[in-house]
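Shown next, in structure tokens, is the structure this report addresses.
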Amino acid sequence: MEVITHNYVDEAAKNVMDSRAKKRFINAVTKVGRPTRYSEELVIDLLASRANGNTIGQSCLDVGIAKSTYYKWTHEIPEFMDAHKKGQELAKAYDDDLIRDNYDNRSFGFLAFESQYKRRHNCSETSPIDCPGFDEKNTDEENITAIFKSISDKQVSPDDATKLIHLIKTKQEVTLLPQIMLRLDQLEHGAK
């Protein structure tokens, strides 16, 4: 929409005789409302917040805009839609790095993170995962190496990689279960 100068509006309003009609005419042809806060700097701040792993809501709070404004801009400003997609990629990359960095950290809480990850990145439960080099006969280290290689080659999504890593962790826990049960049994019989 082209911005119309007030002088031109005032000049055209002279042709409208009725004062109420004149007021309606002026309101119809001039832009009303607050000026937009949209700027390149604000977009950069939003992207920086998303790169730190923040959700859209958290990022909006960081820069001082409403979530509704954020989504309105994605529909109205094509450049902002591009920035939104880039922000989604940055947030997902942050979460993927978090998974890689904390694989061996037992206190990380993968189950809670996995459900949050799925919600944040619209991941769904789908078909079996095809990961080249991943085989149940391999050692865990070989399978983890195959997963990371497949992620870097873009053959497996980070969501699928998370599922495979969770599978490895579950296998490790199940493998240890008989040993734990035997030890408990020994302790129980030793106490009698």
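Each chain of the structure tokens is named A, B, ... in the order shown, its residues numbered from 1; ligands are numbered from 1 in display order.
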
Contacts of A:Arg100 at 12 Å (only C-alpha atoms; same-chain gap of 5+ positions) as a list in words: Ala93, Tyr94, Asp95, Asn105, Phe108, Phe110, Ile144, Thr145, Ile147, Phe148, Ile151, Pro158, Ala161, Thr162 and Ile165 of chain A

Skip stretch 58-70 of chain A itself and residues of its chain fewer than 2 positions away, then list as a PyMOL selection string all residues within 7 Å of it, counting only C-alpha atoms. chain A and resi 42+45-46+49-50+54-56+72-74

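Counting only C-alpha atoms, A:Phe134 has the following residues at most 7 Å away, ignoring those fewer than 3 positions along the same chain: Cys131, Asn143, Ala146 and Ile147 of chain A.
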
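Between atom CA of A:Leu164 and atom CA of A:Ala91 the separation is 20.9 Å.
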
Name all residues at most 10 Å from A:Lys86 (count only C-alpha atoms; drop same-chain ones fewer than 5 positions away) and give them as a list in words. Leu47, Arg50, Ala51, Phe80, Met81, Ala91 and Lys92 of chain A

Selection export as a JSON list (two decimals), in the first residue's frame, atoms kept: C-alpha atoms:
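Saved as again.json:
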```json
[["chain", "number", "residue", "atom", "x", "y", "z"],
["A", 47, "LEU", "CA", 17.44, -15.02, 15.20],
["A", 50, "ARG", "CA", 16.45, -18.73, 18.41],
["A", 51, "ALA", "CA", 20.12, -19.72, 17.86],
["A", 80, "PHE", "CA", 10.25, -12.26, 7.87],
["A", 81, "MET", "CA", 8.91, -15.65, 6.76],
["A", 91, "ALA", "CA", 16.79, -23.74, 17.08],
["A", 92, "LYS", "CA", 16.79, -27.30, 15.76]]
```
